[in-house]
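K.L.:
As input, take input.csv (CSV, C-alpha atoms and all ligand atoms):
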chain,number,residue,atom,x,y,z
A,1,MET,CA,7.3,-15.7,133.2
A,2,SER,CA,7.3,-13.0,130.6
A,3,VAL,CA,6.4,-9.3,130.9
A,4,ILE,CA,3.0,-8.0,129.8
A,5,LEU,CA,3.5,-4.4,130.9
A,6,GLU,CA,6.5,-2.2,131.5
A,7,ALA,CA,6.5,1.4,132.5
A,8,LYS,CA,9.8,3.3,132.6
A,9,ASN,CA,10.5,6.6,134.4
A,10,ILE,CA,6.9,7.8,134.1
A,11,SER,CA,6.1,11.3,135.2
A,12,LYS,CA,3.0,13.4,134.7
A,13,ILE,CA,2.6,17.1,135.0
A,14,TYR,CA,-0.9,18.4,134.4
A,15,ASP,CA,-0.3,21.7,132.6
A,16,GLU,CA,-3.1,24.2,132.6
A,17,GLY,CA,-1.3,27.4,131.7
A,18,LYS,CA,-0.3,29.1,134.9
A,19,ILE,CA,-1.0,26.1,137.1
A,20,LYS,CA,1.2,23.1,136.7
A,21,THR,CA,0.4,20.1,138.9
A,22,ALA,CA,3.2,17.4,139.2
A,23,VAL,CA,1.3,14.2,140.0
A,24,LEU,CA,3.7,11.3,139.1
A,25,SER,CA,7.5,11.4,139.4
A,26,GLY,CA,9.8,8.9,137.7
A,27,LEU,CA,7.7,5.8,138.3
A,28,ASP,CA,8.9,2.3,137.1
A,29,LEU,CA,6.6,-0.7,137.0
A,30,THR,CA,6.9,-4.2,135.5
A,31,VAL,CA,4.0,-6.6,135.5
A,32,GLN,CA,4.3,-10.3,134.5
A,33,LYS,CA,1.8,-12.1,132.3
A,34,GLY,CA,-0.9,-13.5,134.5
A,35,GLU,CA,0.1,-11.5,137.6
A,36,ARG,CA,-2.4,-9.8,139.9
A,37,LEU,CA,-1.1,-6.5,141.2
A,38,ALA,CA,-2.9,-4.3,143.6
A,39,ILE,CA,-2.1,-0.6,143.9
A,40,VAL,CA,-3.1,1.1,147.1
A,41,GLY,CA,-2.5,4.7,148.4
A,42,SER,CA,-4.4,7.7,149.7
A,43,SER,CA,-6.8,9.8,147.7
A,44,GLY,CA,-5.0,12.1,145.3
A,45,SER,CA,-1.8,10.2,145.3
A,46,GLY,CA,-1.9,9.6,141.5
A,47,LYS,CA,-3.3,6.1,141.2
A,48,SER,CA,-6.0,6.9,138.5
A,49,THR,CA,-3.5,9.1,136.7
A,50,LEU,CA,-1.1,6.2,136.5
A,51,LEU,CA,-3.7,3.7,135.3
A,52,HIS,CA,-4.8,6.1,132.6
A,53,LEU,CA,-1.2,6.4,131.3
A,54,LEU,CA,-0.8,2.6,131.4
A,55,GLY,CA,-3.9,2.1,129.3
A,56,GLY,CA,-2.9,4.8,126.8
A,57,LEU,CA,-5.9,7.0,127.7
A,58,ASP,CA,-3.5,9.8,128.4
A,59,THR,CA,0.2,10.4,127.6
A,60,PRO,CA,3.0,10.8,130.2
A,61,THR,CA,5.1,13.9,130.4
A,62,THR,CA,8.2,11.7,130.5
A,63,GLY,CA,8.8,8.0,130.2
A,64,GLU,CA,7.6,5.1,128.2
A,65,VAL,CA,4.8,2.5,128.5
A,66,TRP,CA,5.2,-0.9,126.9
A,67,VAL,CA,2.3,-3.3,126.6
A,68,ASN,CA,3.0,-6.8,125.3
A,69,GLY,CA,6.3,-5.6,123.7
A,70,VAL,CA,4.8,-2.5,122.0
A,71,CYS,CA,5.7,1.0,123.1
A,72,ILE,CA,2.3,2.7,123.2
A,73,ASN,CA,3.8,6.3,123.3
A,74,HIS,CA,4.4,6.2,119.6
A,75,LEU,CA,1.1,4.7,118.4
A,76,ASN,CA,-1.3,6.9,116.6
A,77,GLU,CA,-4.9,7.3,117.8
A,78,THR,CA,-6.2,4.5,115.6
A,79,GLN,CA,-3.5,2.1,116.7
A,80,ARG,CA,-4.1,3.0,120.4
A,81,GLY,CA,-7.8,2.5,120.0
A,82,LYS,CA,-7.2,-1.0,118.5
A,83,LEU,CA,-4.8,-1.9,121.3
A,84,ARG,CA,-7.3,-0.7,124.0
A,85,ASN,CA,-10.1,-2.5,122.3
A,86,GLU,CA,-8.4,-5.9,121.7
A,87,SER,CA,-5.7,-6.3,124.3
A,88,LEU,CA,-6.7,-4.2,127.3
A,89,GLY,CA,-9.7,-4.2,129.5
A,90,PHE,CA,-10.3,-0.9,131.3
A,91,ILE,CA,-12.6,-0.7,134.4
A,92,TYR,CA,-12.9,3.0,135.1
A,93,GLN,CA,-13.4,4.6,138.5
A,94,PHE,CA,-16.5,6.3,137.1
A,95,HIS,CA,-17.8,3.7,134.8
A,96,HIS,CA,-18.6,5.5,131.5
A,97,LEU,CA,-21.4,3.4,130.2
A,98,LEU,CA,-23.2,4.5,127.1
A,99,PRO,CA,-26.5,5.9,128.4
A,100,GLU,CA,-28.7,5.1,125.4
A,101,PHE,CA,-27.7,1.4,125.2
A,102,SER,CA,-28.9,-1.6,127.2
A,103,ALA,CA,-26.6,-3.5,129.6
A,104,THR,CA,-26.1,-6.3,127.0
A,105,GLU,CA,-25.2,-3.7,124.3
A,106,ASN,CA,-22.8,-1.9,126.6
A,107,VAL,CA,-21.0,-5.1,127.4
A,108,ALA,CA,-21.0,-6.3,123.8
A,109,MET,CA,-19.7,-3.0,122.4
A,110,PRO,CA,-15.9,-3.8,122.4
A,111,LEU,CA,-16.8,-6.9,120.3
A,112,LEU,CA,-19.1,-5.1,118.0
A,113,MET,CA,-16.4,-2.6,117.2
A,114,ARG,CA,-14.1,-5.4,116.1
A,115,HIS,CA,-16.2,-6.6,113.1
A,116,ASP,CA,-14.9,-10.1,113.4
A,117,VAL,CA,-17.7,-11.3,115.7
A,118,SER,CA,-21.3,-11.4,114.7
A,119,ILE,CA,-23.9,-9.3,116.6
A,120,ARG,CA,-25.5,-12.4,117.8
A,121,GLN,CA,-22.3,-13.9,119.1
A,122,ALA,CA,-21.3,-10.6,120.7
A,123,LYS,CA,-24.6,-10.4,122.6
A,124,GLU,CA,-24.4,-14.0,123.7
A,125,ARG,CA,-21.0,-13.5,125.1
A,126,ALA,CA,-22.1,-10.3,126.7
A,127,ASN,CA,-25.1,-12.0,128.4
A,128,ALA,CA,-22.9,-14.9,129.6
A,129,LEU,CA,-20.7,-12.4,131.4
A,130,LEU,CA,-23.6,-10.4,132.7
A,131,ASP,CA,-24.8,-13.7,134.2
A,132,LYS,CA,-21.4,-14.2,135.9
A,133,VAL,CA,-21.7,-10.8,137.6
A,134,GLY,CA,-25.2,-11.6,138.7
A,135,LEU,CA,-27.1,-9.5,136.2
A,136,SER,CA,-28.9,-11.9,134.0
A,137,HIS,CA,-32.2,-10.3,135.1
A,138,ARG,CA,-31.1,-6.8,134.0
A,139,THR,CA,-29.7,-7.3,130.5
A,140,HIS,CA,-32.3,-5.0,128.9
A,141,HIS,CA,-31.9,-2.2,131.4
A,142,ARG,CA,-30.1,1.1,130.4
A,143,PRO,CA,-27.5,2.5,132.8
A,144,SER,CA,-30.0,5.0,134.2
A,145,GLU,CA,-32.3,2.1,135.2
A,146,LEU,CA,-29.5,0.3,137.1
A,147,SER,CA,-28.1,0.9,140.6
A,148,GLY,CA,-24.6,2.2,141.1
A,149,GLY,CA,-23.2,-1.3,141.9
A,150,GLU,CA,-25.1,-2.8,139.0
A,151,ARG,CA,-23.6,-0.3,136.6
A,152,GLN,CA,-20.2,-1.1,138.0
A,153,ARG,CA,-20.7,-4.8,137.4
A,154,VAL,CA,-21.8,-4.0,133.8
A,155,ALA,CA,-18.6,-2.0,133.3
A,156,ILE,CA,-16.6,-5.0,134.7
A,157,ALA,CA,-18.3,-7.3,132.2
A,158,ARG,CA,-17.6,-4.9,129.4
A,159,ALA,CA,-13.9,-4.8,130.3
A,160,LEU,CA,-13.7,-8.6,130.2
A,161,VAL,CA,-15.8,-9.4,127.1
A,162,SER,CA,-12.9,-9.4,124.7
A,163,GLU,CA,-10.8,-11.6,126.9
A,164,PRO,CA,-7.9,-9.1,127.2
A,165,LYS,CA,-4.4,-10.1,128.3
A,166,LEU,CA,-4.3,-7.2,130.7
A,167,VAL,CA,-7.1,-5.6,132.7
A,168,LEU,CA,-6.6,-2.2,134.4
A,169,ALA,CA,-9.2,-1.7,137.1
A,170,ASP,CA,-9.7,1.5,139.0
A,171,GLU,CA,-11.5,0.6,142.3
A,172,PRO,CA,-13.6,-2.1,140.6
A,173,THR,CA,-15.4,-3.0,143.7
A,174,GLY,CA,-15.7,0.5,145.2
A,175,ASN,CA,-19.5,0.6,145.0
A,176,LEU,CA,-20.1,-3.0,145.8
A,177,ASP,CA,-21.2,-4.8,149.0
A,178,ASP,CA,-18.9,-7.6,150.3
A,179,ASP,CA,-20.7,-10.4,148.6
A,180,ASN,CA,-20.6,-8.8,145.2
A,181,ALA,CA,-17.1,-7.6,145.6
A,182,LYS,CA,-16.0,-11.1,146.3
A,183,ALA,CA,-18.0,-12.4,143.3
A,184,VAL,CA,-16.3,-9.8,141.0
A,185,PHE,CA,-12.9,-10.8,142.4
A,186,ASP,CA,-13.6,-14.5,141.9
A,187,LEU,CA,-14.6,-13.8,138.3
A,188,LEU,CA,-11.4,-11.9,137.7
A,189,SER,CA,-9.5,-14.7,139.3
A,190,GLU,CA,-11.3,-17.3,137.2
A,191,LEU,CA,-10.5,-15.5,133.9
A,192,GLN,CA,-7.0,-15.0,135.1
A,193,ASN,CA,-6.6,-18.8,135.6
A,194,ASN,CA,-8.3,-19.7,132.3
A,195,LEU,CA,-6.9,-17.0,130.1
A,196,GLY,CA,-3.6,-16.0,131.8
A,197,MET,CA,-5.0,-12.5,132.2
A,198,ALA,CA,-2.9,-10.0,134.2
A,199,LEU,CA,-4.7,-7.6,136.4
A,200,ILE,CA,-3.6,-4.2,137.8
A,201,MET,CA,-6.2,-3.1,140.3
A,202,VAL,CA,-6.4,0.1,142.3
A,203,THR,CA,-8.3,-0.4,145.5
A,204,HIS,CA,-8.9,1.1,148.9
A,205,ASP,CA,-10.1,-2.3,150.0
A,206,ARG,CA,-7.1,-3.8,152.0
A,207,GLN,CA,-8.8,-7.2,152.1
A,208,LEU,CA,-9.1,-7.4,148.3
A,209,ALA,CA,-5.5,-6.1,148.0
A,210,SER,CA,-4.3,-8.9,150.2
A,211,ARG,CA,-5.7,-11.5,147.7
A,212,ALA,CA,-3.4,-10.1,145.0
A,213,ASP,CA,0.0,-11.6,144.2
A,214,ARG,CA,1.7,-8.3,144.9
A,215,VAL,CA,0.7,-5.0,146.5
A,216,LEU,CA,2.4,-1.6,145.7
A,217,GLU,CA,1.7,1.5,147.7
A,218,MET,CA,1.7,5.0,146.1
A,219,LYS,CA,2.4,8.2,148.0
A,220,SER,CA,2.5,11.6,146.4
A,221,GLY,CA,3.1,10.1,142.9
A,222,ALA,CA,5.9,7.7,143.9
A,223,TRP,CA,6.1,4.1,145.2
A,224,VAL,CA,6.5,3.9,149.0
B,1,LIG,N1,-6.7,17.0,134.6
B,1,LIG,C1,-6.1,17.3,135.8
B,1,LIG,N2,-5.6,18.6,135.9
B,1,LIG,C2,-4.9,18.9,137.0
B,1,LIG,N3,-4.8,18.1,138.1
B,1,LIG,C3,-5.3,16.9,138.0
B,1,LIG,C4,-6.0,16.4,136.9
B,1,LIG,N4,-6.4,15.2,137.1
B,1,LIG,C5,-6.0,14.9,138.4
B,1,LIG,N5,-5.3,15.9,138.9
B,1,LIG,C6,-4.7,15.9,140.3
B,1,LIG,O1,-3.8,14.9,140.3
B,1,LIG,C7,-3.8,14.2,141.6
B,1,LIG,C8,-3.9,12.8,141.5
B,1,LIG,O2,-5.2,12.4,141.0
B,1,LIG,P1,-5.7,10.9,140.8
B,1,LIG,O3,-7.0,11.0,140.2
B,1,LIG,O4,-4.6,10.2,140.0
B,1,LIG,O5,-5.7,10.4,142.3
B,1,LIG,P2,-6.1,9.0,142.9
B,1,LIG,O6,-4.9,8.5,143.6
B,1,LIG,O7,-6.7,8.2,141.9
B,1,LIG,O8,-7.2,9.4,144.0
B,1,LIG,P3,-8.6,8.7,144.5
B,1,LIG,O9,-8.2,7.6,145.4
B,1,LIG,O10,-9.3,9.8,145.2
B,1,LIG,O11,-9.3,8.2,143.3
B,1,LIG,C9,-4.9,14.9,142.4
B,1,LIG,O12,-4.4,15.8,143.3
B,1,LIG,C10,-5.7,15.7,141.3
B,1,LIG,O13,-6.3,16.8,141.9
B,2,MG,MG,-8.7,7.5,141.5
Would you mind giving the structure from this file in structure tokens?

P.N.:
Amino acid sequence: MSVILEAKNISKIYDEGKIKTAVLSGLDLTVQKGERLAIVGSSGSGKSTLLHLLGGLDTPTTGEVWVNGVCINHLNETQRGKLRNESLGFIYQFHHLLPEFSATENVAMPLLMRHDVSIRQAKERANALLDKVGLSHRTHHRPSELSGGERQRVAIARALVSEPKLVLADEPTGNLDDDNAKAVFDLLSELQNNLGMALIMVTHDRQLASRADRVLEMKSGAWV
């Protein structure tokens, strides 16, 4: 197996003038292509912070993050945006859908930003994924017209639409009932088998975590 993601000696100190909050301290992480990793740990232990750093949404105070052989610390904003859009799928803890767009348009957005896929193809692929997360009857709805769990499923479809090599998911099933949580995990597993996609998933759901290849526990910004 080869490595899709490597993080070396990651630390994060949030610096707001007088108040400095040390959240992560010297973390290392290596994830293989196609691997399913679950990260568990109590609230406030630094899981979301780590995921944001791995996805290049924020920069670490120390350390390096390598995605598919590229050190993302040294990329400029445009290069980072391209990497996020084409190689990574990010499922946020709070889903960040675009309020003025329909479910289909939200899911299609990463493809539409790439310019190498037609609008029609992008929407077709978006609707195919919405179907897989059980939302074929809600494609025209805007986020405000969807339930919390439905929004979360739209966000999951959006993260998967560009068939990324690595998906970073922050409590992807946090708002879902058991059946929908299982359907989402099955979809992630299916894509993983078909595309060799790796998955790093933060979850409080021990049952879901137990279906991953590996589980790491975080406590006060370090691995237990
Ligand atoms: N921008 C920020 N400035 C200062 N402190 C922050 C900031 N963002 C997060 N923190 C602090 O960092 C710690 C870790 O936050 P993080 O969101 O990574 O936790 P988490 O493990 O994802 O928790 P949860 O399970 O509740 O989602 C928290 O104590 C939080 O208060
Ligand atoms: Mg979190």

K.L.:
What are the closest atom pairs, with distances in Å to one decimal, for all residues of chain A lying within 12 Å of ligand MG 2 (chain B)? Consider all atoms listed in the file, order rows by chain and residue number, and present the result as JSON lines.

P.N.:
{"residue": "A:Ile39", "atom": "CA", "partner": "B:MG2", "partner_atom": "MG", "distance": 10.7}
{"residue": "A:Val40", "atom": "CA", "partner": "B:MG2", "partner_atom": "MG", "distance": 10.2}
{"residue": "A:Gly41", "atom": "CA", "partner": "B:MG2", "partner_atom": "MG", "distance": 9.7}
{"residue": "A:Ser42", "atom": "CA", "partner": "B:MG2", "partner_atom": "MG", "distance": 9.3}
{"residue": "A:Ser43", "atom": "CA", "partner": "B:MG2", "partner_atom": "MG", "distance": 6.9}
{"residue": "A:Gly44", "atom": "CA", "partner": "B:MG2", "partner_atom": "MG", "distance": 7.0}
{"residue": "A:Ser45", "atom": "CA", "partner": "B:MG2", "partner_atom": "MG", "distance": 8.3}
{"residue": "A:Gly46", "atom": "CA", "partner": "B:MG2", "partner_atom": "MG", "distance": 7.1}
{"residue": "A:Lys47", "atom": "CA", "partner": "B:MG2", "partner_atom": "MG", "distance": 5.6}
{"residue": "A:Ser48", "atom": "CA", "partner": "B:MG2", "partner_atom": "MG", "distance": 4.1}
{"residue": "A:Thr49", "atom": "CA", "partner": "B:MG2", "partner_atom": "MG", "distance": 7.3}
{"residue": "A:Leu50", "atom": "CA", "partner": "B:MG2", "partner_atom": "MG", "distance": 9.2}
{"residue": "A:Leu51", "atom": "CA", "partner": "B:MG2", "partner_atom": "MG", "distance": 8.8}
{"residue": "A:His52", "atom": "CA", "partner": "B:MG2", "partner_atom": "MG", "distance": 9.8}
{"residue": "A:Ile91", "atom": "CA", "partner": "B:MG2", "partner_atom": "MG", "distance": 11.5}
{"residue": "A:Tyr92", "atom": "CA", "partner": "B:MG2", "partner_atom": "MG", "distance": 8.9}
{"residue": "A:Gln93", "atom": "CA", "partner": "B:MG2", "partner_atom": "MG", "distance": 6.3}
{"residue": "A:Phe94", "atom": "CA", "partner": "B:MG2", "partner_atom": "MG", "distance": 9.0}
{"residue": "A:His95", "atom": "CA", "partner": "B:MG2", "partner_atom": "MG", "distance": 11.9}
{"residue": "A:Ala169", "atom": "CA", "partner": "B:MG2", "partner_atom": "MG", "distance": 10.2}
{"residue": "A:Asp170", "atom": "CA", "partner": "B:MG2", "partner_atom": "MG", "distance": 6.6}
{"residue": "A:Glu171", "atom": "CA", "partner": "B:MG2", "partner_atom": "MG", "distance": 7.5}
{"residue": "A:Pro172", "atom": "CA", "partner": "B:MG2", "partner_atom": "MG", "distance": 10.8}
{"residue": "A:Gly174", "atom": "CA", "partner": "B:MG2", "partner_atom": "MG", "distance": 10.6}
{"residue": "A:Met201", "atom": "CA", "partner": "B:MG2", "partner_atom": "MG", "distance": 11.0}
{"residue": "A:Val202", "atom": "CA", "partner": "B:MG2", "partner_atom": "MG", "distance": 7.8}
{"residue": "A:Thr203", "atom": "CA", "partner": "B:MG2", "partner_atom": "MG", "distance": 8.9}
{"residue": "A:His204", "atom": "CA", "partner": "B:MG2", "partner_atom": "MG", "distance": 9.8}
{"residue": "A:Met218", "atom": "CA", "partner": "B:MG2", "partner_atom": "MG", "distance": 11.6}

K.L.:
Could you state the separation of atom CA of Ile200 of chain A and atom CA of Thr78 of chain A in Å, given to one decimal place?

P.N.:
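Spanning atom CA of Ile200 of chain A to atom CA of Thr78 of chain A is a straight-line distance of 24.0 Å.
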
K.L.:
Have a look at atom CA of Leu130 of chain A and atom CA of Leu187 of chain A and let me know their distance in Å, one decimal.

P.N.:
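Separating atom CA of Leu130 of chain A from atom CA of Leu187 of chain A is a distance of 11.1 Å.
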
K.L.:
Looking at only C-alpha atoms, which of A:Ile4, A:Asn175, A:Phe101, A:Lys165 is the one that sits closest to Glu150 of chain A?

P.N.:
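Of A:Ile4, A:Asn175, A:Phe101, A:Lys165, the one nearest Glu150 of chain A, counting only C-alpha atoms, is A:Asn175.
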
K.L.:
Neighbouring residues of segment 102-114 of chain A were defined as those with any atom within 10 Å, considering all atoms listed in the file; residues of the same chain fewer than 3 positions away were excluded. Please report them as an mmCIF file with C-alpha atoms, in the coordinates of the input.

P.N.:
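Heads up, here's the output in part36.cif:
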data_model
loop_
_atom_site.group_PDB
_atom_site.id
_atom_site.type_symbol
_atom_site.label_atom_id
_atom_site.label_comp_id
_atom_site.auth_asym_id
_atom_site.auth_seq_id
_atom_site.Cartn_x
_atom_site.Cartn_y
_atom_site.Cartn_z
ATOM 1 C CA LYS A 82 -7.200 -1.000 118.500
ATOM 2 C CA ARG A 84 -7.300 -0.700 124.000
ATOM 3 C CA ASN A 85 -10.100 -2.500 122.300
ATOM 4 C CA GLU A 86 -8.400 -5.900 121.700
ATOM 5 C CA GLY A 89 -9.700 -4.200 129.500
ATOM 6 C CA HIS A 96 -18.600 5.500 131.500
ATOM 7 C CA LEU A 97 -21.400 3.400 130.200
ATOM 8 C CA LEU A 98 -23.200 4.500 127.100
ATOM 9 C CA PRO A 99 -26.500 5.900 128.400
ATOM 10 C CA VAL A 117 -17.700 -11.300 115.700
ATOM 11 C CA SER A 118 -21.300 -11.400 114.700
ATOM 12 C CA ILE A 119 -23.900 -9.300 116.600
ATOM 13 C CA ARG A 120 -25.500 -12.400 117.800
ATOM 14 C CA GLN A 121 -22.300 -13.900 119.100
ATOM 15 C CA ALA A 122 -21.300 -10.600 120.700
ATOM 16 C CA LYS A 123 -24.600 -10.400 122.600
ATOM 17 C CA GLU A 124 -24.400 -14.000 123.700
ATOM 18 C CA ARG A 125 -21.000 -13.500 125.100
ATOM 19 C CA ALA A 126 -22.100 -10.300 126.700
ATOM 20 C CA ASN A 127 -25.100 -12.000 128.400
ATOM 21 C CA ALA A 128 -22.900 -14.900 129.600
ATOM 22 C CA LEU A 129 -20.700 -12.400 131.400
ATOM 23 C CA LEU A 130 -23.600 -10.400 132.700
ATOM 24 C CA LEU A 135 -27.100 -9.500 136.200
ATOM 25 C CA SER A 136 -28.900 -11.900 134.000
ATOM 26 C CA ARG A 138 -31.100 -6.800 134.000
ATOM 27 C CA THR A 139 -29.700 -7.300 130.500
ATOM 28 C CA HIS A 140 -32.300 -5.000 128.900
ATOM 29 C CA HIS A 141 -31.900 -2.200 131.400
ATOM 30 C CA ARG A 142 -30.100 1.100 130.400
ATOM 31 C CA PRO A 143 -27.500 2.500 132.800
ATOM 32 C CA SER A 144 -30.000 5.000 134.200
ATOM 33 C CA GLU A 145 -32.300 2.100 135.200
ATOM 34 C CA LEU A 146 -29.500 0.300 137.100
ATOM 35 C CA GLU A 150 -25.100 -2.800 139.000
ATOM 36 C CA ARG A 151 -23.600 -0.300 136.600
ATOM 37 C CA ARG A 153 -20.700 -4.800 137.400
ATOM 38 C CA VAL A 154 -21.800 -4.000 133.800
ATOM 39 C CA ALA A 155 -18.600 -2.000 133.300
ATOM 40 C CA ILE A 156 -16.600 -5.000 134.700
ATOM 41 C CA ALA A 157 -18.300 -7.300 132.200
ATOM 42 C CA ARG A 158 -17.600 -4.900 129.400
ATOM 43 C CA ALA A 159 -13.900 -4.800 130.300
ATOM 44 C CA LEU A 160 -13.700 -8.600 130.200
ATOM 45 C CA VAL A 161 -15.800 -9.400 127.100
ATOM 46 C CA SER A 162 -12.900 -9.400 124.700
#

K.L.:
Mind giving me the straight-line distance from atom O4 of ligand LIG 1 (chain B) to atom CA of Pro60 of chain A in Å, one decimal?

P.N.:
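Between these atoms lies a distance of 12.4 Å.
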
K.L.:
May I ask which of the residues A:Val3, A:Ala22, A:Leu29, A:Ile10 is the closest one to ligand LIG 1 (chain B), counting all atoms listed in the file?

P.N.:
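The closest residue to ligand LIG 1 (chain B) is A:Ala22.
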
K.L.:
Need to verify the contact set: Gln32 of chain A, 8 Å, all atoms listed in the file, exclusion of same-chain residues closer than 2 positions in sequence. Can you return it as a list in words?

P.N.:
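My reading of the contact set: Met1, Ser2, Val3, Ile4, Leu5, Thr30, Gly34, Glu35 and Ala198 of chain A.
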
K.L.:
I need the residue nearest ligand LIG 1 (chain B) from this list: A:Ser220, A:Asn180, A:Asn9, A:Gln79. Use only C-alpha atoms and all ligand atoms for the distance.

P.N.:
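Among the listed residues, A:Ser220 lies closest to ligand LIG 1 (chain B).
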
K.L.:
Return the single residue from A:Ile13, A:Gly55, A:Val65, A:Ala181 that is closest to Asp28 of chain A, with distances computed using only C-alpha atoms.

P.N.:
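Comparing A:Ile13, A:Gly55, A:Val65, A:Ala181 against Asp28 of chain A, the winner is A:Val65.
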
K.L.:
Taking all listed atoms of segment 63-79 of chain A, build the axis-aligned box, pad each of the six sides by 6 Å, then write its centre and edge lengths in Å to one decimal as AutoDock Vina command-line options.

P.N.:
--center_x 1.3 --center_y 0.6 --center_z 122.9 --size_x 27.0 --size_y 26.8 --size_z 26.6

K.L.:
Of the residues A:Leu83, A:Arg214, A:Asp116, A:Asp205, which is the one nearest to ligand LIG 1 (chain B), using only C-alpha atoms and all ligand atoms?

P.N.:
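Of the candidates, the smallest distance to ligand LIG 1 (chain B) is held by A:Asp205.
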
K.L.:
Using only C-alpha atoms, which protein or nucleic acid residues come within 9 Å of Asn73 of chain A? Drop anything in the same chain fewer than 3 positions from it, and give the result as a list in words.

P.N.:
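Non-adjacent residues within range: Gly56, Thr59, Pro60, Gly63, Glu64, Val65, Trp66, Val70 and Asn76 of chain A.
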
K.L.:
Can you list, as a ChimeraX atom specification, every protein, DNA or RNA residue that comes within 10 Å of Asp213 of chain A when you count only C-alpha atoms, leaving out same-chain residues fewer than 3 positions away?

P.N.:
/A:34-38,199,209-210

K.L.:
Please determine, counting only C-alpha atoms and all ligand atoms, which residue among A:His115, A:Lys132, A:His137, A:Lys219 has the shortest atom-to-atom distance to ligand LIG 1 (chain B).

P.N.:
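Among A:His115, A:Lys132, A:His137, A:Lys219, it is A:Lys219 that comes nearest to ligand LIG 1 (chain B).
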
K.L.:
Fewer than 5 positions away in the same chain doesn't count, so skip those; otherwise give me all residues within 7 Å of Ser25 of chain A, counting only C-alpha atoms, as an mmCIF file with C-alpha atoms, in the frame of the given file.

P.N.:
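Wrote around_37.cif, looks like this:
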data_model
loop_
_atom_site.group_PDB
_atom_site.id
_atom_site.type_symbol
_atom_site.label_atom_id
_atom_site.label_comp_id
_atom_site.auth_asym_id
_atom_site.auth_seq_id
_atom_site.Cartn_x
_atom_site.Cartn_y
_atom_site.Cartn_z
ATOM 1 C CA ILE A 10 6.900 7.800 134.100
ATOM 2 C CA SER A 11 6.100 11.300 135.200
ATOM 3 C CA LYS A 12 3.000 13.400 134.700
ATOM 4 C CA GLY A 221 3.100 10.100 142.900
ATOM 5 C CA ALA A 222 5.900 7.700 143.900
#
